[in-house]
Protein chains: 2
Amino acid sequence: MSTEFRCSCPITSAIDMIGDKWSLVVIKNMLLYNLKTFKDLSETNEKIATNILASRLKALEAKGFITKTKPANNKKTNIYLLTDKGLSLIPIIIELAIWGDTNLNEIHTSLNRDNPIEYIKLNKEKFVGVFKDQYLEKVKAAAV
Amino acid sequence: MSTEFRCSCPITSAIDMIGDKWSLVVIKNMLLYNLKTFKDLSETNEKIATNILASRLKALEAKGFITKTKPANNKKTNIYLLTDKGLSLIPIIIELAIWGDTNLNEIHTSLNRDNPIEYIKLNKEKFVGVFKDQYLEKVKAAAV
DNA sequence: TTTATTGCTTTTATATTGCAAGTAAAATTA
DNA sequence: TAATTTTACTTGCAATATAAAAGCAATAAA
């Protein structure tokens, strides 16, 4: 499943890389809810089919956005973690969050406000770093 | 072709709205290259099929991102223009541009550098406004 | 009046996605 | 130790989306 690029435009190429229906959703769930296993990621609100999740995780690993490792004490469960390249998508995810939050309230009866998006809006640049650090900290804490 | 939302997450919902393969590409070409007609939009580097372009323009109009008007002096050609809602996608497009520019240089032999992306990076917030004003000015100038 | 262009639609083909079921290995329970 | 459950997938098939090509009506230009 190699990425085909439609042309040399960086915007179109970015969409070719991560603009499918599921890739950013999987990465968002890893980032915001610290989900790490196949099971965790298959049980989210989006209700991704297991075959799609499997293919997406494989593609994301091949593209360098996530790593797949089996911990020493557990030979069954794979742990999926975001790489630096995966974390580099945070600004895009933040803009999608802000856009969705400001534009979809009328369409949705109730938007999920688990995350303090209004607060994020006040200082976007800062929150790119905050989300990144938060994620890396949780990964580190869980590794102990 | 009504949008189905997978869940109430604003990020996932934003992807449900504009996360298909073509919508943001069409909007980008309207915004950056000031393309306004069916023919213009069908002749871009991305080589969109005409049936896909027609269905995407219809969907974007239904969702309020663009308007379709026939000018008084020309009964043949339709003019497609971005609305304020369409322009509200600029921050997302900018982040995609920055990400693509910084991450895809190794993959592409040559990325299209028509747009001064390095310069944009220095002051993102400013350029959201710059792109918007630039677009509206061109639209205004063409209307004279 | 012929010819070309625009803005599509239709048709056919291919690719992607979704759903249900199955499988194999590891872990848990009896 | 055997049976059961859990995890992480894979497989098959139907449904949907996308692509390529051709067709067509309504202007507009020659």
# chains A, B, ... in the order shown; residues from 1 in each chain; ligands from 1
$ select_by_dssp --residues "chain B" --states "alpha helix (DSSP H)" --output "PyMOL selection string"
chain B and resi 10-18+23-33+38-42+50-62+84-87+90-103+117-122+124-143
$ interface_residues --of "chain C" --to "chain B" --cutoff "8 Å" --atoms "only C-alpha atoms (C1' of nucleotides)" --output "ChimeraX atom specification"
/C:6-9
$ select_by_dssp --residues "stretch 5-69 of chain B" --states "strand (DSSP E)" --output "list in words"
Ile66, Thr67, Lys68 and Thr69 of chain B
$ interface_residues --of "chain A" --to "chain B" --cutoff "8 Å" --atoms "only C-alpha atoms" --output "NGL selection string"
:A and (6-16 or 19-21 or 25 or 45-47 or 88-89 or 91-93 or 95-101 or 104 or 108 or 110-113)
$ write_last_selection --atoms "C-alpha atoms" --output "PDB file, in the first residue's frame"
ATOM      1  CA  ARG A   6      -1.126  13.245  -7.586  1.00  0.00           C
ATOM      2  CA  CYS A   7       1.344  16.072  -8.192  1.00  0.00           C
ATOM      3  CA  SER A   8       4.173  17.975  -6.515  1.00  0.00           C
ATOM      4  CA  CYS A   9       2.017  20.425  -4.541  1.00  0.00           C
ATOM      5  CA  PRO A  10       2.919  20.121  -0.829  1.00  0.00           C
ATOM      6  CA  ILE A  11      -0.708  20.587   0.211  1.00  0.00           C
ATOM      7  CA  THR A  12      -2.068  17.952  -2.148  1.00  0.00           C
ATOM      8  CA  SER A  13       0.816  15.657  -1.201  1.00  0.00           C
ATOM      9  CA  ALA A  14       0.071  16.072   2.495  1.00  0.00           C
ATOM     10  CA  ILE A  15      -3.516  15.036   1.746  1.00  0.00           C
ATOM     11  CA  ASP A  16      -2.199  12.076  -0.236  1.00  0.00           C
ATOM     12  CA  GLY A  19      -5.919  12.658   4.019  1.00  0.00           C
ATOM     13  CA  ASP A  20      -7.827   9.388   4.077  1.00  0.00           C
ATOM     14  CA  LYS A  21     -10.875   8.832   6.250  1.00  0.00           C
ATOM     15  CA  VAL A  25      -8.605   9.755  13.481  1.00  0.00           C
ATOM     16  CA  ASN A  45     -16.523   6.235  19.300  1.00  0.00           C
ATOM     17  CA  GLU A  46     -15.703   6.200  15.597  1.00  0.00           C
ATOM     18  CA  LYS A  47     -16.275   2.416  15.462  1.00  0.00           C
ATOM     19  CA  SER A  88       4.458  16.581  13.806  1.00  0.00           C
ATOM     20  CA  LEU A  89       0.817  16.261  12.738  1.00  0.00           C
ATOM     21  CA  PRO A  91      -0.751  21.434  14.376  1.00  0.00           C
ATOM     22  CA  ILE A  92      -3.009  19.992  11.675  1.00  0.00           C
ATOM     23  CA  ILE A  93      -5.089  18.157  14.277  1.00  0.00           C
ATOM     24  CA  GLU A  95      -6.639  23.324  13.362  1.00  0.00           C
ATOM     25  CA  LEU A  96      -9.183  20.611  12.598  1.00  0.00           C
ATOM     26  CA  ALA A  97     -10.297  20.708  16.237  1.00  0.00           C
ATOM     27  CA  ILE A  98     -10.701  24.472  16.207  1.00  0.00           C
ATOM     28  CA  TRP A  99     -12.513  24.431  12.881  1.00  0.00           C
ATOM     29  CA  GLY A 100     -14.846  21.632  13.900  1.00  0.00           C
ATOM     30  CA  ASP A 101     -15.567  23.259  17.207  1.00  0.00           C
ATOM     31  CA  LEU A 104     -20.158  22.254  13.558  1.00  0.00           C
ATOM     32  CA  HIS A 108     -24.333  18.406  15.790  1.00  0.00           C
ATOM     33  CA  SER A 110     -23.927  17.842  20.972  1.00  0.00           C
ATOM     34  CA  LEU A 111     -20.240  18.071  20.295  1.00  0.00           C
ATOM     35  CA  ASN A 112     -17.880  16.260  22.565  1.00  0.00           C
ATOM     36  CA  ARG A 113     -16.142  18.886  24.696  1.00  0.00           C
TER      37      ARG A 113
END
$ interface_residues --of "chain B" --to "chain D" --cutoff "8 Å" --atoms "only C-alpha atoms (C1' of nucleotides)" --output "PyMOL selection string"
chain B and resi 49+52+75-76
$ atom_distance --atom1 "atom C1' of C:DT3" --atom2 "atom CA of B:Tyr80"
27.4 Å
